[in-house]
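Novice: mmCIF, C-alpha atoms, file coords_27.cif:
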data_protein
loop_
_atom_site.label_atom_id
_atom_site.label_comp_id
_atom_site.auth_asym_id
_atom_site.auth_seq_id
_atom_site.Cartn_x
_atom_site.Cartn_y
_atom_site.Cartn_z
CA MET A 1 56.58 -30.74 18.45
CA GLU A 2 57.05 -34.22 16.96
CA HIS A 3 53.43 -34.79 16.00
CA PRO A 4 52.16 -31.95 13.83
CA ASP A 5 48.80 -33.71 13.41
CA LYS A 6 48.20 -33.19 17.12
CA VAL A 7 48.14 -29.48 16.45
CA LEU A 8 46.74 -29.48 12.95
CA GLY A 9 43.71 -31.56 13.93
CA PRO A 10 42.46 -29.14 16.62
CA LEU A 11 43.25 -26.17 14.35
CA LEU A 12 41.12 -27.55 11.52
CA GLU A 13 38.40 -28.48 14.00
CA HIS A 14 38.45 -24.95 15.29
CA ILE A 15 38.21 -23.41 11.83
CA GLN A 16 35.34 -25.77 11.04
CA LEU A 17 33.53 -24.76 14.23
CA VAL A 18 33.95 -21.08 13.34
CA LEU A 19 32.73 -21.56 9.77
CA ILE A 20 29.64 -23.59 10.71
CA THR A 21 28.78 -21.06 13.42
CA LEU A 22 29.30 -18.19 11.00
CA VAL A 23 27.00 -19.62 8.33
CA ILE A 24 24.19 -20.39 10.81
CA SER A 25 24.66 -17.03 12.54
CA LEU A 26 24.45 -15.13 9.25
CA VAL A 27 21.30 -16.90 8.15
CA ILE A 28 19.55 -16.22 11.47
CA ALA A 29 20.86 -12.65 11.75
CA SER A 30 19.67 -11.85 8.22
CA ILE A 31 16.16 -13.03 8.99
CA LEU A 32 16.11 -11.18 12.32
CA THR A 33 17.46 -8.03 10.64
CA VAL A 34 14.65 -8.03 8.08
CA ILE A 35 12.15 -8.39 10.95
CA CYS A 36 13.86 -5.64 12.97
CA MET A 37 13.78 -3.26 9.99
CA GLN A 38 9.97 -3.41 10.03
CA SER A 39 9.68 -1.94 13.51
CA GLU A 40 11.88 0.02 15.90
CA LYS A 41 10.07 -1.58 18.82
CA VAL A 42 10.83 -5.18 17.84
CA SER A 43 14.36 -4.06 17.12
CA GLY A 44 14.73 -2.63 20.64
CA VAL A 45 13.35 -5.76 22.30
CA MET A 46 15.57 -8.01 20.21
CA ASN A 47 18.65 -5.91 20.92
CA ASN A 48 18.00 -6.00 24.66
CA LEU A 49 17.41 -9.73 24.65
CA PHE A 50 20.65 -10.51 22.86
CA SER A 51 22.63 -8.03 24.91
CA VAL A 52 21.48 -9.87 28.06
CA ILE A 53 22.50 -13.20 26.53
CA TYR A 54 25.81 -11.69 25.43
CA SER A 55 26.55 -10.63 28.98
CA ILE A 56 26.25 -14.19 30.31
CA PRO A 57 29.76 -15.64 30.71
CA SER A 58 30.39 -18.27 28.07
CA LEU A 59 31.30 -21.04 30.50
CA ALA A 60 27.98 -20.53 32.30
CA LEU A 61 26.04 -20.59 29.05
CA PHE A 62 27.80 -23.77 27.91
CA ALA A 63 26.95 -25.39 31.23
CA LEU A 64 23.32 -24.25 30.98
CA LEU A 65 22.94 -25.91 27.61
CA ILE A 66 24.33 -29.30 28.56
CA PRO A 67 20.99 -30.60 29.91
CA ILE A 68 19.28 -29.45 26.72
CA SER A 69 21.63 -30.24 23.88
CA GLY A 70 24.26 -32.28 25.72
CA LEU A 71 28.02 -32.21 25.57
CA GLY A 72 29.72 -31.56 22.28
CA ARG A 73 29.70 -29.41 19.22
CA THR A 74 25.95 -28.78 18.95
CA SER A 75 25.84 -26.95 22.26
CA ALA A 76 28.93 -25.00 21.33
CA ILE A 77 27.46 -23.88 18.01
CA ILE A 78 24.21 -22.82 19.71
CA VAL A 79 26.06 -20.68 22.26
CA LEU A 80 28.40 -19.12 19.73
CA THR A 81 25.48 -18.40 17.40
CA LEU A 82 23.57 -16.70 20.21
CA TYR A 83 26.54 -14.48 21.03
CA ASN A 84 26.95 -13.60 17.36
CA GLN A 85 23.36 -12.42 17.09
CA TYR A 86 24.15 -9.52 19.38
CA LEU A 87 27.18 -8.41 17.34
CA LEU A 88 25.61 -9.02 13.94
CA LEU A 89 22.15 -7.67 14.61
CA ARG A 90 23.41 -4.49 16.21
CA ASN A 91 25.85 -3.74 13.41
CA PHE A 92 23.40 -4.71 10.66
CA THR A 93 20.43 -2.70 11.94
CA THR A 94 22.47 0.36 12.91
CA GLY A 95 24.24 0.36 9.55
CA LEU A 96 21.01 -0.05 7.61
CA ARG A 97 19.25 2.65 9.61
CA GLU A 98 22.09 5.13 9.18
CA VAL A 99 21.64 5.22 5.42
CA ASP A 100 20.67 8.77 4.42
CA PRO A 101 16.88 9.02 4.92
CA VAL A 102 16.63 11.39 1.94
CA VAL A 103 17.99 8.67 -0.36
CA CYS A 104 15.50 6.16 1.03
CA GLU A 105 12.61 8.57 0.71
CA ALA A 106 13.55 9.30 -2.89
CA ALA A 107 13.66 5.55 -3.53
CA LYS A 108 10.21 5.12 -2.03
CA GLY A 109 8.85 8.15 -3.87
CA ILE A 110 9.89 6.85 -7.29
CA GLY A 111 8.14 3.55 -6.62
CA MET A 112 10.53 1.05 -5.00
CA THR A 113 9.05 -1.48 -2.59
CA ASP A 114 10.37 -1.70 0.99
CA MET A 115 12.19 -4.92 0.09
CA GLN A 116 13.78 -3.32 -2.99
CA ILE A 117 14.88 -0.35 -0.89
CA LEU A 118 16.48 -2.79 1.55
CA THR A 119 18.30 -4.89 -1.03
CA LYS A 120 19.16 -2.25 -3.66
CA ILE A 121 19.77 0.80 -1.51
CA ARG A 122 20.24 0.13 2.21
CA ILE A 123 22.37 -3.02 2.07
CA PRO A 124 24.84 -1.74 -0.56
CA LEU A 125 25.17 1.59 1.27
CA ALA A 126 25.59 -0.10 4.67
CA ARG A 127 28.08 -2.70 3.40
CA LYS A 128 30.94 -1.41 5.58
CA ALA A 129 28.92 -1.67 8.80
CA ILE A 130 27.59 -5.08 7.75
CA PHE A 131 31.06 -6.39 7.02
CA ALA A 132 32.43 -4.92 10.27
CA GLY A 133 29.75 -6.86 12.14
CA ILE A 134 30.76 -10.08 10.40
CA ARG A 135 34.43 -9.45 11.21
CA LEU A 136 33.67 -8.88 14.90
CA ALA A 137 31.53 -12.01 15.02
CA VAL A 138 34.26 -14.16 13.43
CA VAL A 139 36.95 -12.90 15.77
CA SER A 140 34.70 -13.33 18.79
CA THR A 141 33.78 -16.88 17.70
CA ILE A 142 37.45 -17.81 17.35
CA GLY A 143 38.07 -16.59 20.91
CA ILE A 144 35.04 -17.93 22.71
CA GLY A 145 35.31 -21.12 20.63
CA THR A 146 38.40 -22.14 22.65
CA ILE A 147 36.24 -22.37 25.76
CA ALA A 148 33.89 -24.72 23.91
CA ALA A 149 36.52 -27.41 24.44
CA SER A 150 35.30 -27.52 28.04
CA ILE A 151 32.15 -29.24 26.82
CA ASN A 152 33.99 -31.55 24.42
CA ALA A 153 33.40 -29.50 21.30
CA GLY A 154 37.02 -29.93 20.18
CA GLY A 155 39.14 -27.24 18.60
CA LEU A 156 42.18 -25.34 19.83
CA GLY A 157 40.74 -25.19 23.32
CA THR A 158 41.48 -28.89 23.77
CA LEU A 159 45.20 -28.14 23.47
CA LEU A 160 44.87 -25.46 26.13
CA PHE A 161 42.78 -27.48 28.56
CA GLU A 162 44.87 -30.64 28.15
CA GLY A 163 48.05 -28.63 28.43
CA LEU A 164 46.86 -27.01 31.63
CA ARG A 165 45.70 -30.27 33.15
CA THR A 166 49.00 -32.07 32.46
CA MET A 167 51.16 -28.94 32.76
CA ASN A 168 52.44 -29.57 29.24
CA ILE A 169 54.06 -26.23 28.37
CA PRO A 170 54.45 -26.85 24.59
CA LYS A 171 50.77 -27.75 24.37
CA ILE A 172 49.76 -24.60 26.24
CA LEU A 173 52.00 -22.51 24.00
CA TRP A 174 50.73 -24.09 20.79
CA GLY A 175 47.16 -23.63 21.92
CA SER A 176 47.66 -19.97 22.87
CA VAL A 177 49.75 -19.02 19.86
CA LEU A 178 47.43 -20.69 17.37
CA SER A 179 44.17 -19.36 18.80
CA ALA A 180 45.55 -15.85 19.21
CA GLY A 181 47.32 -16.02 15.84
CA LEU A 182 44.20 -17.23 14.08
CA ALA A 183 42.11 -14.41 15.57
CA ILE A 184 44.69 -11.73 14.74
CA LEU A 185 45.30 -13.01 11.21
CA ILE A 186 41.63 -13.32 10.31
CA ASN A 187 40.93 -9.90 11.80
CA ARG A 188 43.72 -8.33 9.67
CA VAL A 189 42.57 -10.01 6.49
CA LEU A 190 38.91 -9.11 7.00
CA LYS A 191 39.86 -5.54 7.92
CA LEU A 192 41.78 -5.21 4.67
CA VAL A 193 38.73 -6.39 2.73
CA GLU A 194 36.48 -4.06 4.73
CA ASP A 195 38.64 -1.02 3.96
CA ARG A 196 38.34 -1.73 0.24
CA LEU A 197 34.55 -1.84 0.31
CA MET B 198 -12.16 15.82 -16.96
CA PRO B 199 -9.58 17.09 -14.44
CA ILE B 200 -6.40 14.98 -14.27
CA ILE B 201 -6.04 15.67 -10.54
CA GLU B 202 -8.90 16.34 -8.20
CA TYR B 203 -8.53 17.13 -4.51
CA ASP B 204 -11.86 16.63 -2.78
CA ASN B 205 -11.96 18.01 0.77
CA VAL B 206 -8.54 16.53 1.56
CA CYS B 207 -7.43 16.63 5.21
CA LYS B 208 -4.29 15.46 6.91
CA LYS B 209 -3.46 15.59 10.59
CA PHE B 210 -0.14 14.57 12.11
CA ASP B 211 -0.10 12.90 15.52
CA ASN B 212 2.31 15.37 17.05
CA SER B 213 0.43 18.55 16.14
CA THR B 214 -2.91 20.08 17.08
CA GLY B 215 -3.97 21.71 13.81
CA LEU B 216 -4.54 20.13 10.43
CA ALA B 217 -1.47 20.00 8.19
CA VAL B 218 -3.81 19.99 5.20
CA ASP B 219 -7.19 21.51 5.97
CA HIS B 220 -10.12 20.63 3.68
CA VAL B 221 -8.34 21.32 0.42
CA SER B 222 -10.40 21.05 -2.74
CA ALA B 223 -9.01 21.80 -6.19
CA GLN B 224 -9.18 20.58 -9.75
CA ILE B 225 -6.23 20.50 -12.10
CA GLU B 226 -6.57 20.08 -15.86
CA PRO B 227 -4.21 17.99 -18.02
CA GLY B 228 -1.10 19.84 -19.18
CA GLU B 229 -1.26 22.56 -16.54
CA PHE B 230 1.82 23.81 -14.73
CA ILE B 231 0.56 24.33 -11.20
CA THR B 232 2.74 25.88 -8.54
CA ILE B 233 1.91 25.49 -4.86
CA LEU B 234 3.11 28.52 -2.93
CA GLY B 235 3.42 28.93 0.82
CA SER B 236 5.90 29.32 3.66
CA SER B 237 7.37 26.32 5.45
CA GLY B 238 4.82 24.38 7.44
CA CYS B 239 1.88 25.57 5.33
CA GLY B 240 1.09 22.05 4.13
CA LYS B 241 2.29 22.33 0.54
CA THR B 242 4.74 19.44 0.76
CA THR B 243 2.18 17.38 2.67
CA LEU B 244 -0.33 17.93 -0.12
CA LEU B 245 2.24 16.68 -2.64
CA LYS B 246 3.08 13.62 -0.53
CA LEU B 247 -0.62 12.84 -0.20
CA THR B 248 -0.76 12.79 -3.99
CA ASN B 249 1.70 9.90 -4.30
CA ARG B 250 0.60 8.23 -1.07
CA LEU B 251 3.79 8.84 0.88
CA TYR B 252 1.07 9.97 3.28
CA ASP B 253 -2.54 8.86 3.39
CA PRO B 254 -5.26 11.45 4.05
CA ASP B 255 -7.37 11.51 7.21
CA GLY B 256 -10.31 12.83 5.23
CA GLY B 257 -11.38 13.49 1.67
CA ARG B 258 -10.33 11.89 -1.58
CA ILE B 259 -7.71 12.41 -4.25
CA ILE B 260 -8.75 11.40 -7.75
CA LEU B 261 -6.03 10.94 -10.37
CA GLU B 262 -7.14 10.41 -13.97
CA GLY B 263 -10.58 9.42 -12.74
CA GLU B 264 -9.40 6.91 -10.14
CA ASP B 265 -9.44 7.29 -6.37
CA ILE B 266 -5.80 6.77 -5.36
CA ALA B 267 -6.85 5.10 -2.10
CA GLN B 268 -7.87 2.11 -4.26
CA LYS B 269 -4.49 1.90 -5.96
CA ASP B 270 -1.38 0.03 -4.94
CA PRO B 271 1.02 2.72 -3.62
CA VAL B 272 4.06 1.33 -5.46
CA GLN B 273 2.22 1.18 -8.80
CA LEU B 274 0.78 4.64 -8.19
CA ARG B 275 4.24 6.12 -7.53
CA ARG B 276 5.68 4.53 -10.65
CA GLY B 277 3.01 6.36 -12.61
CA LEU B 278 3.98 9.71 -11.08
CA GLY B 279 7.29 11.53 -11.45
CA TYR B 280 8.70 12.63 -8.10
CA VAL B 281 11.52 15.11 -7.55
CA ILE B 282 12.65 16.40 -4.14
CA GLN B 283 14.80 19.30 -3.02
CA GLN B 284 17.66 17.16 -1.68
CA VAL B 285 17.52 15.15 -4.95
CA GLY B 286 18.31 11.86 -3.19
CA LEU B 287 20.37 10.25 -5.94
CA PHE B 288 21.75 6.82 -5.09
CA PRO B 289 25.45 7.42 -4.33
CA HIS B 290 26.53 3.85 -5.15
CA MET B 291 25.07 3.87 -8.65
CA THR B 292 26.19 5.57 -11.85
CA ILE B 293 24.02 8.25 -13.41
CA LYS B 294 22.69 5.76 -15.92
CA GLU B 295 21.81 3.30 -13.15
CA ASN B 296 20.19 6.07 -11.13
CA ILE B 297 17.96 7.05 -14.03
CA THR B 298 16.98 3.51 -14.94
CA ILE B 299 16.64 1.91 -11.51
CA ILE B 300 12.88 1.42 -11.81
CA PRO B 301 13.07 0.10 -15.40
CA ALA B 302 15.81 -2.27 -14.17
CA LEU B 303 13.48 -3.55 -11.45
CA MET B 304 10.81 -3.96 -14.14
CA LYS B 305 13.28 -6.02 -16.18
CA TRP B 306 13.57 -3.80 -19.23
CA ASP B 307 16.31 -5.04 -21.53
CA LYS B 308 19.72 -3.36 -21.37
CA ASP B 309 19.63 -1.63 -24.74
CA ARG B 310 16.26 -0.10 -24.07
CA MET B 311 17.45 1.22 -20.69
CA ALA B 312 20.65 2.65 -22.16
CA ALA B 313 18.72 4.35 -24.93
CA ARG B 314 16.18 5.78 -22.49
CA ALA B 315 18.93 7.09 -20.18
CA ASP B 316 20.69 8.82 -23.08
CA GLU B 317 17.42 10.28 -24.34
CA LEU B 318 16.62 11.72 -20.90
CA LEU B 319 20.15 13.06 -20.34
CA THR B 320 19.83 14.95 -23.61
CA LEU B 321 16.39 16.22 -22.59
CA VAL B 322 17.70 17.64 -19.30
CA GLY B 323 20.65 19.25 -21.09
CA LEU B 324 23.52 16.94 -20.16
CA GLU B 325 25.77 15.25 -22.72
CA PRO B 326 25.10 11.48 -22.38
CA SER B 327 28.62 10.32 -23.27
CA GLU B 328 30.07 12.62 -20.64
CA PHE B 329 27.67 11.92 -17.80
CA ARG B 330 26.14 8.44 -18.07
CA ASP B 331 28.97 6.59 -16.30
CA ARG B 332 29.73 9.17 -13.63
CA TYR B 333 28.70 8.94 -9.99
CA PRO B 334 26.43 11.50 -8.29
CA HIS B 335 29.22 12.98 -6.13
CA GLN B 336 31.07 13.98 -9.30
CA LEU B 337 28.22 16.31 -10.28
CA SER B 338 27.35 19.85 -9.20
CA GLY B 339 24.12 20.51 -7.32
CA GLY B 340 22.41 21.78 -10.46
CA GLN B 341 23.54 18.79 -12.51
CA GLN B 342 22.36 16.42 -9.79
CA GLN B 343 18.90 17.96 -9.87
CA ARG B 344 18.82 17.53 -13.65
CA ILE B 345 19.45 13.82 -13.03
CA GLY B 346 16.70 13.84 -10.40
CA LEU B 347 14.39 15.20 -13.08
CA ALA B 348 15.52 12.59 -15.62
CA ARG B 349 14.98 9.79 -13.10
CA ALA B 350 11.44 11.03 -12.44
CA LEU B 351 10.67 11.14 -16.17
CA VAL B 352 11.96 7.67 -16.99
CA LEU B 353 8.60 5.89 -17.11
CA ASP B 354 7.02 8.80 -18.98
CA PRO B 355 4.47 9.70 -16.26
CA ASP B 356 1.53 11.95 -17.08
CA ILE B 357 1.97 13.84 -13.82
CA MET B 358 5.16 15.22 -12.29
CA LEU B 359 5.36 16.11 -8.59
CA LEU B 360 8.21 18.50 -7.82
CA ASP B 361 8.92 19.41 -4.21
CA GLU B 362 11.05 22.58 -4.15
CA PRO B 363 13.43 21.04 -6.67
CA PHE B 364 15.51 24.21 -6.98
CA GLY B 365 15.37 25.19 -3.31
CA ALA B 366 19.01 24.39 -2.60
CA ILE B 367 20.44 25.73 -5.85
CA ASP B 368 22.21 29.05 -6.38
CA ALA B 369 20.27 31.90 -7.99
CA ILE B 370 21.91 31.82 -11.41
CA THR B 371 21.69 28.06 -11.87
CA ARG B 372 18.14 28.18 -10.57
CA LEU B 373 17.16 30.65 -13.28
CA HIS B 374 18.59 28.31 -15.94
CA LEU B 375 16.80 25.33 -14.46
CA GLN B 376 13.49 27.19 -14.27
CA ASN B 377 13.76 28.06 -17.95
CA GLU B 378 14.66 24.50 -18.85
CA LEU B 379 11.81 23.12 -16.79
CA GLN B 380 9.42 25.40 -18.70
CA ARG B 381 10.89 24.15 -21.96
CA ILE B 382 10.51 20.51 -20.85
CA HIS B 383 6.96 21.11 -19.69
CA ALA B 384 6.02 22.76 -22.97
CA GLY B 385 7.59 19.94 -24.97
CA LEU B 386 6.10 17.01 -23.07
CA GLY B 387 2.56 18.19 -22.38
CA LYS B 388 2.61 16.64 -18.91
CA THR B 389 0.90 18.03 -15.84
CA PHE B 390 3.37 19.58 -13.38
CA LEU B 391 2.73 20.17 -9.69
CA PHE B 392 5.56 22.29 -8.36
CA VAL B 393 5.93 23.22 -4.69
CA THR B 394 7.89 26.35 -3.80
CA HIS B 395 8.14 29.01 -1.10
CA ASP B 396 9.47 31.56 -3.61
CA ILE B 397 6.69 33.82 -4.88
CA ASN B 398 8.67 34.89 -7.95
CA GLU B 399 9.31 31.27 -8.88
CA ALA B 400 5.67 30.38 -8.29
CA PHE B 401 4.35 33.23 -10.44
CA LYS B 402 6.94 32.74 -13.17
CA LEU B 403 6.40 29.02 -13.64
CA GLY B 404 2.76 28.41 -12.80
CA ASN B 405 -0.07 28.99 -15.23
CA ARG B 406 -2.13 28.77 -12.05
CA VAL B 407 -0.91 29.14 -8.47
CA MET B 408 -2.25 27.52 -5.32
CA VAL B 409 -1.54 29.79 -2.35
CA MET B 410 -1.51 27.88 0.93
CA ASN B 411 -1.27 28.94 4.56
CA GLN B 412 -1.75 26.89 7.74
CA GLY B 413 -3.02 23.93 5.77
CA LYS B 414 -5.70 25.88 3.94
CA LEU B 415 -5.85 26.60 0.24
CA LEU B 416 -6.41 30.35 0.28
CA GLN B 417 -6.50 31.05 -3.42
CA PHE B 418 -6.11 29.05 -6.61
CA ASP B 419 -5.93 31.18 -9.70
CA THR B 420 -3.72 32.60 -12.44
CA PRO B 421 -0.82 34.78 -11.24
CA ALA B 422 -2.40 37.91 -12.76
CA GLU B 423 -5.74 37.27 -11.09
CA ILE B 424 -4.04 36.68 -7.73
CA VAL B 425 -2.14 39.96 -8.02
CA LEU B 426 -5.22 41.90 -9.08
CA HIS B 427 -7.67 40.28 -6.66
CA PRO B 428 -5.91 38.76 -3.65
CA ALA B 429 -8.34 36.55 -1.79
CA ASP B 430 -7.45 37.71 1.71
CA GLU B 431 -4.99 39.58 3.91
CA PHE B 432 -2.37 36.84 3.79
CA VAL B 433 -2.25 36.74 -0.01
CA ARG B 434 -2.23 40.55 -0.10
CA SER B 435 0.75 40.68 2.28
CA LEU B 436 2.56 38.04 0.23
CA ILE B 437 2.22 40.15 -2.91
CA GLU B 438 3.15 43.26 -0.98
CA SER B 439 6.40 41.64 0.19
CA ALA B 440 7.31 40.76 -3.40
CA ARG B 441 6.51 44.32 -4.51
CA GLN B 442 8.77 45.75 -1.83
CA GLN B 443 11.68 43.68 -3.08
CA GLU B 444 11.05 44.93 -6.56
CA GLU B 445 11.05 48.52 -5.34
CA PHE B 446 14.47 47.92 -3.84
CA TRP B 447 15.84 46.86 -7.22
CA GLU B 448 14.22 49.74 -9.01
CA GLY B 449 15.58 52.15 -6.39
CA VAL B 450 19.11 50.90 -7.06
CA GLN B 451 18.81 51.60 -10.78
#
Using the file provided, produce a representation of the structure as structure tokens.

Specialist:
Amino acid sequence: MEHPDKVLGPLLEHIQLVLITLVISLVIASILTVICMQSEKVSGVMNNLFSVIYSIPSLALFALLIPISGLGRTSAIIVLTLYNQYLLLRNFTTGLREVDPVVCEAAKGIGMTDMQILTKIRIPLARKAIFAGIRLAVVSTIGIGTIAASINAGGLGTLLFEGLRTMNIPKILWGSVLSAGLAILINRVLKLVEDRL
Amino acid sequence: MPIIEYDNVCKKFDNSTGLAVDHVSAQIEPGEFITILGSSGCGKTTLLKLTNRLYDPDGGRIILEGEDIAQKDPVQLRRGLGYVIQQVGLFPHMTIKENITIIPALMKWDKDRMAARADELLTLVGLEPSEFRDRYPHQLSGGQQQRIGLARALVLDPDIMLLDEPFGAIDAITRLHLQNELQRIHAGLGKTFLFVTHDINEAFKLGNRVMVMNQGKLLQFDTPAEIVLHPADEFVRSLIESARQQEEFWEGVQ
């Protein structure tokens, strides 16, 4: 390809989209996790809600949001963040709940508050599950993020959609290789980190 | 003045018909080593957990050092009571030193003070500080882990120690050592110990007074000798009889 910036631009846009989504997703998921840890009931409701949202095809969800938040990156970030809640919340709460109840009871019995048990005991002991959730969310955002180009959110999807529309094979190839490559690479790297935890 | 007073304490769990703790009243004096004896499901662990508000009673009051514990903040209450459980529950991601000083760390003690306290307690429970302070729980034997559990419970120097079958999962020989050491520690510190066990020999060996419980009720609360000489009812009598029969077996072998 003669114009590397034509590929580099969408790639950087894509990475930016993923990072912004990740940060917002993590903030919201952390708050929701703390709420879910207070009650199994709330946790069940929340899990069901996000699993319903997760099962809506992304293109449909993007389309649904256009009247509300319009075309562009904002809608894309909202959709991707919603999807991530399912992956993050489920991994976070399951991981935190699977921590040995004896250890948590001992912690409570010697005088730790619920918040201290969460931050000093549960989170460190559930770090693998927490990190696995983050990895899944990142990889899923990279993938679904390509479809966000359909509502003008930019990113690697633009290469794919433009390539398909004009039957430009190099564009299609660059778009596919980069989006797949990015997902595979990030997954490998995060998996390596996860295994060392 | 008694250091612990149970006043008609009741506890009922939602999923059962009877009372887990059924109108228990008892007074414990400072410095006593009280054992609570009973088979599983008799309410002995529940009584202990009511004492540090892991459970709240459905009736009656528990007075510690003159104060009704219902009026106290549960977290502050628990920090004033040592608590040791059968499964130990050490924190696997922390070193022994960090395990012992977790509460002081949360209370922002300075590092030197925590290190000194950890070493002092390791020595007290019979473990060499330089050898053990930086190890992780999984590198310790069951008996050593329970020694750490004991050290962790002692860190804030509580007046009262609650021990829930601490030696229940430990082999017979190690258990004998730990019982002797616990007696030594109790004698040296002058604290009040409340020790739950289902083992009649352990209960009678360690306790200066024994609470015998069955089906939530406190059947008898007296010195071991008095319980043996004057069992309060059929259940206590049969408990003593079962211990006697075991003894006869050993004597028969000799």

Novice: Nearest residue to Gly70 in chain A out of A:Ser176, A:Thr93, A:Asn152, A:Thr21, using all atoms listed in the file?

Specialist: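 When distances to Gly70 in chain A are compared using all atoms listed in the file, the smallest one comes from A:Asn152.
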
Novice: Please provide the set of residues having any atom within 12 Å of Glu325 in chain B, restricted to only C-alpha atoms, with same-chain residues fewer than 5 positions apart removed, written as an NGL selection string.

Specialist: :B and (293 or 315-320 or 330-332 or 341 or 344-345)

Novice: Env of Leu118 in chain A: 12 Å cut, atoms = all atoms listed in the file, seq-sep filter 5 positions within chain, self excluded. Answer as a PyMOL selection string.

Specialist: chain A and resi 30+33-35+37-38+92-93+95-97+99+103-104+107-108+112-113+123-127

Novice: Skipping near chain neighbours, those fewer than 4 positions away, what residues fall within 10 Å of Leu61 in chain A using all atoms listed in the file, listed as a ChimeraX atom specification?

Specialist: /A:53-57,65-66,75-76,78-80,82

Novice: Restricting the calculation to all atoms listed in the file: of B:Val407, B:Gly263, B:Asn398, B:Leu360, which residue gets closest to Glu444 in chain B?

Specialist: B:Asn398

Novice: Find the residue from B:Asp309, B:Glu423, B:Glu328, B:Asp361 that sits nearest to chain A; use all atoms listed in the file when measuring.

Specialist: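 Between B:Asp309, B:Glu423, B:Glu328, B:Asp361, the residue approaching chain A most closely is B:Asp361.
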
Novice: Expand the PyMOL selection byres ((chain B) within 7 of (chain A)) into the explicit residue set it covers here, and present it as a list in words.

Specialist: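 Applied to this file, the PyMOL selection byres ((chain B) within 7 of (chain A)) selects Leu251, Val272, Gln273, Arg275, Arg276, Gly279, Tyr280, Gln284, Gly286, Leu287, Phe288, His290 and Ala350 of chain B.
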
Novice: With distances taken over only C-alpha atoms, which of A:Ser69, A:Ser179, A:Asn187, A:Ile151 is nearest to Leu12 in chain A?

Specialist: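 Going through A:Ser69, A:Ser179, A:Asn187, A:Ile151 one by one, the smallest distance to Leu12 in chain A is for A:Ser179.
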
Novice: Rounded to one decimal, what separation in Å do you get between CA of Gly385 in chain B and CA of Asp204 in chain B?

Specialist: 29.7 Å

Novice: Pick out the residues sitting within 6 Å of range 154-170 of chain A, and hand them over as a count of residues only; count all atoms listed in the file, and ignore anything fewer than 5 positions along from it in its own chain.

Specialist: 8
